[in-house]
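Peer 1: Sharing entry14.txt below, compact mmCIF, C-alpha atoms:
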```txt
# COMPACT_ATOMS: atom_id res chain seq x y z
CA MET N 1168 0.00 0.00 0.00
CA LEU N 1169 1.03 3.62 -0.64
CA THR N 1170 0.27 4.42 3.00
CA ASN N 1171 2.68 1.75 4.22
CA ASN N 1172 5.41 3.06 1.93
CA LEU N 1173 4.92 6.58 3.20
CA ASN N 1174 4.91 5.37 6.80
CA GLY N 1175 8.14 3.42 6.25
CA ALA N 1176 9.78 6.40 4.54
CA SER N 1177 8.74 8.69 7.38
CA ASN N 1178 10.16 6.34 10.00
CA GLN N 1179 13.42 6.03 8.04
CA THR N 1180 13.64 9.82 7.76
CA ALA N 1181 13.16 10.16 11.51
CA ALA N 1182 15.92 7.63 12.16
CA ASN N 1183 18.33 9.36 9.77
CA ALA N 1184 17.63 12.74 11.34
CA SER N 1185 18.29 11.62 14.92
CA THR N 1186 21.97 12.54 14.73
CA VAL N 1187 21.21 15.87 13.06
CA ILE N 1188 18.74 16.79 15.81
CA GLY N 1189 21.43 16.46 18.44
CA GLN N 1190 23.64 18.95 16.58
CA ALA N 1191 21.09 21.58 15.52
CA PRO N 1192 20.13 24.66 17.58
CA ALA N 1193 17.18 24.20 19.97
CA SER N 1194 14.68 26.14 17.80
CA GLU N 1195 15.63 24.21 14.65
CA THR N 1196 15.52 20.92 16.54
CA GLN N 1197 12.02 21.57 17.82
CA ASP N 1198 10.76 22.63 14.38
CA MET N 1199 12.34 19.58 12.71
CA PHE N 1200 10.92 17.22 15.29
CA THR N 1201 7.41 18.70 14.97
CA LYS N 1202 7.45 18.26 11.18
CA LEU N 1203 8.62 14.65 11.47
CA LEU N 1204 6.00 13.86 14.11
CA VAL N 1205 3.18 15.35 12.00
CA ALA N 1206 4.41 13.40 8.95
CA GLN N 1207 4.39 10.16 10.93
CA ILE N 1208 0.86 10.76 12.21
CA ARG N 1209 -0.47 11.68 8.75
CA ASN N 1210 1.13 8.76 6.97
CA GLN N 1211 0.48 5.98 9.46
CA ASP N 1212 -1.56 3.01 8.29
CA PRO N 1213 -5.20 3.53 9.44
CA LEU N 1214 -5.59 -0.23 9.73
CA GLU N 1215 -2.47 -0.53 11.91
CA PRO N 1216 -2.05 2.80 13.72
CA SER N 1217 1.20 3.45 15.55
CA ASP N 1218 1.38 2.91 19.28
CA PRO N 1219 0.77 6.29 21.03
CA ALA N 1220 3.59 5.35 23.40
CA GLN N 1221 6.02 5.81 20.52
CA PHE N 1222 4.99 9.45 20.15
CA VAL N 1223 5.35 9.96 23.92
CA ASN N 1224 8.86 8.48 23.77
CA GLN N 1225 9.74 10.78 20.91
CA LEU N 1226 8.50 13.82 22.83
CA SER N 1227 10.55 12.69 25.80
CA GLN N 1228 13.64 12.36 23.60
CA LEU N 1229 13.07 15.88 22.29
CA SER N 1230 12.90 17.25 25.82
CA GLN N 1231 16.10 15.44 26.76
CA THR N 1232 17.88 16.75 23.66
CA GLU N 1233 16.81 20.34 24.39
CA ALA N 1234 17.90 19.98 28.02
CA MET N 1235 21.32 18.68 26.96
CA GLN N 1236 21.74 21.52 24.47
CA SER N 1237 20.83 24.09 27.12
CA LEU N 1238 23.24 22.50 29.60
CA ALA N 1239 26.06 22.45 27.03
CA LYS N 1240 25.45 26.13 26.24
CA LEU N 1241 25.39 27.00 29.95
CA ASN N 1242 28.64 25.10 30.56
CA SER N 1243 30.31 26.86 27.64
CA THR N 1244 29.21 30.27 28.94
CA SER N 1245 30.34 29.44 32.48
CA ALA N 1246 33.74 28.27 31.24
CA SER N 1247 34.18 31.50 29.28
CA VAL N 1248 33.27 33.61 32.32
CA LEU N 1249 35.62 31.65 34.60
CA GLU N 1250 38.43 31.99 32.07
CA SER N 1251 37.90 35.77 31.92
CA ILE N 1252 37.92 36.00 35.72
CA GLN N 1253 41.12 33.92 35.85
CA THR N 1254 42.79 36.18 33.30
CA LEU N 1255 41.86 39.33 35.25
CA ALA N 1256 43.01 37.81 38.55
CA LEU N 1257 46.34 36.73 37.07
CA GLY N 1258 46.75 40.11 35.38
CA ALA N 1259 46.63 41.75 38.79
CA GLN N 1260 49.66 39.64 39.78
CA VAL N 1261 51.92 40.98 37.00
CA GLY N 1262 55.16 42.12 38.61
CA SER N 1263 54.83 39.64 41.47
CA ASP N 1264 57.16 36.74 42.14
CA ILE N 1265 55.50 33.38 41.53
CA THR N 1266 56.66 29.80 41.97
CA VAL N 1267 56.36 27.51 38.96
CA ALA N 1268 56.90 23.75 38.73
CA THR N 1269 59.06 23.31 35.64
CA SER N 1270 61.60 21.04 34.00
CA SER N 1271 63.29 23.81 31.99
CA VAL N 1272 64.60 27.33 32.58
CA ARG N 1273 65.85 30.25 30.48
CA LEU N 1274 69.07 31.74 31.75
CA ASP N 1275 70.06 35.31 30.85
CA GLY N 1276 72.84 36.00 33.30
CA THR N 1277 70.52 36.79 36.20
CA PRO N 1278 70.74 34.51 39.26
CA LEU N 1279 67.82 32.08 39.46
CA LYS N 1280 66.08 31.10 42.70
CA ALA N 1281 64.59 27.62 43.03
CA SER N 1282 63.59 25.02 45.59
CA ILE N 1283 63.00 21.30 45.97
CA THR N 1284 61.03 19.40 48.60
CA LEU N 1285 62.77 16.42 50.18
CA GLY N 1286 60.77 13.72 51.92
CA ALA N 1287 63.78 12.88 54.06
CA ALA N 1288 67.31 14.11 54.66
CA SER N 1289 69.53 13.62 51.62
CA ALA N 1290 73.32 13.38 51.77
CA THR N 1291 73.91 14.20 48.12
CA ASN N 1292 71.87 16.57 45.96
CA THR N 1293 72.92 17.54 42.46
CA VAL N 1294 71.23 19.97 40.09
CA THR N 1295 71.86 19.11 36.44
CA LEU N 1296 71.39 21.72 33.71
CA THR N 1297 71.42 20.45 30.13
CA GLY N 1298 71.82 23.00 27.35
CA ALA N 1299 70.60 22.84 23.76
CA ASP N 1300 74.02 21.42 22.81
CA GLY N 1301 73.42 18.43 25.09
CA VAL N 1302 76.22 19.36 27.47
CA LYS N 1303 75.39 18.73 31.13
CA HIS N 1304 76.37 21.13 33.90
CA ASP N 1305 76.20 19.86 37.49
CA VAL N 1306 75.67 22.07 40.54
CA GLN N 1307 76.32 20.40 43.90
CA LEU N 1308 73.90 21.40 46.68
CA GLY N 1309 75.58 19.31 49.36
CA SER N 1310 73.74 17.60 52.21
CA ARG N 1311 70.18 18.81 52.84
CA GLY N 1312 67.53 18.06 55.45
CA SER N 1313 63.90 17.11 54.83
CA GLY N 1314 61.27 19.58 53.67
CA PRO N 1315 61.56 22.54 51.27
CA GLN N 1316 65.15 23.37 50.32
CA THR N 1317 65.91 26.61 48.51
CA PHE N 1318 69.00 27.29 46.39
CA SER N 1319 70.15 29.66 43.69
CA ILE N 1320 71.85 29.25 40.34
CA ASP N 1321 74.26 31.97 39.18
CA PRO N 1322 74.82 31.53 35.43
CA VAL N 1323 77.74 33.96 35.38
CA ALA N 1324 79.61 32.21 38.20
CA LEU N 1325 78.97 28.85 36.55
CA GLY N 1326 80.00 30.09 33.11
CA LEU N 1327 76.62 29.23 31.57
CA ALA N 1328 75.73 30.98 28.31
CA PRO N 1329 72.28 32.54 27.95
CA GLY N 1330 69.65 30.14 26.62
CA LYS N 1331 67.23 27.39 27.50
CA TYR N 1332 68.29 24.54 29.77
CA ASP N 1333 66.55 21.39 30.94
CA ILE N 1334 66.80 21.08 34.69
CA LYS N 1335 66.51 18.18 37.12
CA VAL N 1336 67.73 17.27 40.59
CA GLN N 1337 69.32 13.99 41.65
CA THR N 1338 68.95 13.27 45.37
CA SER N 1339 69.91 10.31 47.51
CA ALA N 1340 66.32 9.07 47.11
CA GLY N 1341 66.21 9.45 43.33
CA ALA N 1342 65.67 12.00 40.58
CA GLN N 1343 63.18 14.87 40.52
CA ASP N 1344 62.34 15.81 36.95
CA ALA N 1345 60.52 19.03 37.91
CA ILE N 1346 61.54 21.63 40.47
CA ASP N 1347 59.98 24.82 41.78
CA VAL N 1348 61.53 27.92 40.21
CA ILE N 1349 60.78 31.42 41.49
CA GLY N 1350 60.43 34.10 38.83
CA ARG N 1351 58.72 37.42 38.18
CA LEU N 1352 55.40 37.30 36.34
CA ASP N 1353 56.02 39.62 33.38
CA SER N 1354 52.77 39.31 31.43
CA VAL N 1355 49.48 37.45 30.99
CA ARG N 1356 47.98 36.84 27.55
CA MET N 1357 45.41 34.71 25.75
CA SER N 1358 46.58 32.05 23.32
CA ALA N 1359 45.10 31.54 19.86
CA GLY N 1360 43.13 28.60 21.26
CA GLY N 1361 41.60 30.70 24.03
CA GLY N 1362 43.83 29.50 26.88
CA VAL N 1363 45.82 31.65 29.28
CA ILE N 1364 49.61 31.89 28.94
CA LEU N 1365 51.92 33.37 31.58
CA LYS N 1366 55.33 34.78 30.75
CA VAL N 1367 57.65 34.27 33.71
CA ALA N 1368 61.18 35.67 33.95
CA GLY N 1369 63.78 32.93 33.99
CA ILE N 1370 61.33 30.32 32.66
CA GLY N 1371 59.40 31.60 29.65
CA ASP N 1372 55.80 30.77 28.73
CA VAL N 1373 53.93 28.54 31.19
CA ALA N 1374 50.34 27.44 31.80
CA PRO N 1375 48.49 28.61 34.93
CA SER N 1376 48.30 24.98 36.09
CA SER N 1377 52.09 25.00 36.55
CA VAL N 1378 51.95 27.77 39.15
CA THR N 1379 52.44 26.43 42.68
CA GLY N 1380 52.59 29.67 44.62
CA PHE N 1381 52.23 33.48 44.60
CA ASN N 1382 54.95 35.18 46.62
CA GLY N 1383 54.03 38.85 46.29
CA LYS N 1384 56.19 41.63 44.88
CA SER N 1385 59.87 41.82 45.74
CA GLY N 1386 61.48 44.98 47.09
CA ALA N 1387 62.74 45.96 43.64
CA SER N 1388 59.32 45.48 42.08
CA LEU N 1389 57.64 47.54 44.80
CA ALA N 1390 60.19 50.33 44.40
CA ALA N 1391 59.60 50.40 40.63
CA ALA N 1392 55.84 50.45 41.11
CA ASN N 1393 56.04 53.30 43.66
CA SER N 1394 58.33 55.28 41.35
CA SER N 1395 55.90 54.81 38.45
CA THR N 1396 52.97 55.95 40.63
CA ALA N 1397 54.86 59.02 41.83
CA ASN N 1398 55.64 60.06 38.26
```
Turn the structure described in the file into structure tokens.
Peer 2:
Amino acid sequence: MLTNNLNGASNQTAANASTVIGQAPASETQDMFTKLLVAQIRNQDPLEPSDPAQFVNQLSQLSQTEAMQSLAKLNSTSASVLESIQTLALGAQVGSDITVATSSVRLDGTPLKASITLGAASATNTVTLTGADGVKHDVQLGSRGSGPQTFSIDPVALGLAPGKYDIKVQTSAGAQDAIDVIGRLDSVRMSAGGGVILKVAGIGDVAPSSVTGFNGKSGASLAAANSSTAN
């Protein structure tokens, strides 16, 4: 029968459109669903009418789809707002010293402050800096107790040329591939992909997730800020 063919075609159309409905805007989804539902009702076989429960299920699926679309839109908006708030908050920290967990540093002749956390006292502790040429430079820290241990690296005293170096620490308990380096937060910017990138002196570009502490502005930074305000 022609009616059966139309009914089968309508059902096939509804099945093929199920994936499209999930991707279309809410208004288009509702309009598409209404047209498909009306077509199914009109073209059903009068001798074998469709089960009303099927239409109820379809209406329920529409409601679920609209709810998911609204939730996805809300989550996207919330993420954008949170990202903007994060950028503003980090922007207020420009000029402050921050601590960053990193496995590489950028030396420019300025002494670098860093720290490691030891779970127990360690008799031998060696910082290894590896340049782009693959040459390793070891800095002996000597015996250290447990807990946070700060140290500094003076590139000039060590004869290290400016550039990027991989850094790791070998302790009596094993190697630490990432250490905490203290540097000044120079700028905050948005990446092409919408993420936040921090530029930290002595390290370079880092993600906010790498920051382990905010240490406030150093005396030099405060003096510069006061001088700028006075002028």
Peer 1: In Å, how far is it from CA of Asn1242 (chain N) to CA of Ala1256 (chain N)?
Peer 2: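 Interatomic distance here is 20.8 Å.
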Peer 1: Which residue, N:Gly1309, N:Gly1371, N:Lys1366, N:Thr1293, has the smallest gap to Gln1337 (chain N) when you use all atoms listed in the file?
Peer 2: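 Of the candidates, the smallest distance to Gln1337 (chain N) is held by N:Thr1293.
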Peer 1: Can you build me a table of region 1260-1295 of chain N residues sitting at most 12 Å from region 1378-1385 of chain N, with the closest atom pair per residue and its distance in Å to one decimal, using all atoms listed in the file, sorted by chain and residue number, as CSV?
Peer 2:
```
residue,atom,partner,partner_atom,distance
N:Gln1260,CA,N:Gly1383,CA,7.9
N:Val1261,CA,N:Lys1384,CA,9.0
N:Gly1262,CA,N:Lys1384,CA,6.4
N:Ser1263,CA,N:Lys1384,CA,4.2
N:Asp1264,CA,N:Asn1382,CA,5.2
N:Ile1265,CA,N:Phe1381,CA,4.5
N:Thr1266,CA,N:Gly1380,CA,4.9
N:Val1267,CA,N:Val1378,CA,4.4
N:Ala1268,CA,N:Val1378,CA,6.4
N:Thr1269,CA,N:Val1378,CA,9.1
N:Ser1282,CA,N:Thr1379,CA,11.6
```
Peer 1: Work out how far CA of Ile1320 (chain N) is from CA of Leu1279 (chain N), in Å to one decimal.
Peer 2: 5.0 Å
Peer 1: So, counting all atoms listed in the file, which residue among N:His1304, N:Arg1311, N:Lys1202, N:Arg1209 is closest to Gly1286 (chain N)?
Peer 2: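 The shortest atom-to-atom distance to Gly1286 (chain N) comes from N:Arg1311.
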Peer 1: At a cut-off of 9 Å around the point (68.7, 25.6, 38.9) (file coordinates), what residues fall inside when counting all atoms listed in the file? I'd like the answer as a list in words.
Peer 2: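 In the file's frame, the residues around the point are Ser1271, Val1272, Leu1279, Lys1280, Ala1281, Ser1282, Val1294, Thr1295, Leu1296, Val1306, Phe1318, Ser1319, Ile1320, Asp1321, Ile1334, Lys1335, Val1336, Ile1346 and Val1348 of chain N.
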Peer 1: For the residues in the current selection, export C-alpha atoms as an mmCIF file, in the frame of the given file.
Peer 2:
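Dumped everything to part_29.cif:
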```cif
data_model
loop_
_atom_site.group_PDB
_atom_site.id
_atom_site.type_symbol
_atom_site.label_atom_id
_atom_site.label_comp_id
_atom_site.auth_asym_id
_atom_site.auth_seq_id
_atom_site.Cartn_x
_atom_site.Cartn_y
_atom_site.Cartn_z
ATOM 1 C CA SER N 1271 63.290 23.810 31.990
ATOM 2 C CA VAL N 1272 64.600 27.330 32.580
ATOM 3 C CA LEU N 1279 67.820 32.080 39.460
ATOM 4 C CA LYS N 1280 66.080 31.100 42.700
ATOM 5 C CA ALA N 1281 64.590 27.620 43.030
ATOM 6 C CA SER N 1282 63.590 25.020 45.590
ATOM 7 C CA VAL N 1294 71.230 19.970 40.090
ATOM 8 C CA THR N 1295 71.860 19.110 36.440
ATOM 9 C CA LEU N 1296 71.390 21.720 33.710
ATOM 10 C CA VAL N 1306 75.670 22.070 40.540
ATOM 11 C CA PHE N 1318 69.000 27.290 46.390
ATOM 12 C CA SER N 1319 70.150 29.660 43.690
ATOM 13 C CA ILE N 1320 71.850 29.250 40.340
ATOM 14 C CA ASP N 1321 74.260 31.970 39.180
ATOM 15 C CA ILE N 1334 66.800 21.080 34.690
ATOM 16 C CA LYS N 1335 66.510 18.180 37.120
ATOM 17 C CA VAL N 1336 67.730 17.270 40.590
ATOM 18 C CA ILE N 1346 61.540 21.630 40.470
ATOM 19 C CA VAL N 1348 61.530 27.920 40.210
#
```
Peer 1: Smallest atom-to-atom distance to Pro1329 (chain N): which of N:Arg1356, N:Lys1303, N:Arg1351, N:Arg1273, using all atoms listed in the file?
Peer 2: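 Smallest distance to Pro1329 (chain N) is found for N:Arg1273.
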Peer 1: Mind pulling up the distance from CA of Ala1239 (chain N) to CA of Met1357 (chain N)?
Peer 2: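 One can read the CA of Met1357 (chain N) to CA of Ala1239 (chain N) distance as 22.9 Å.
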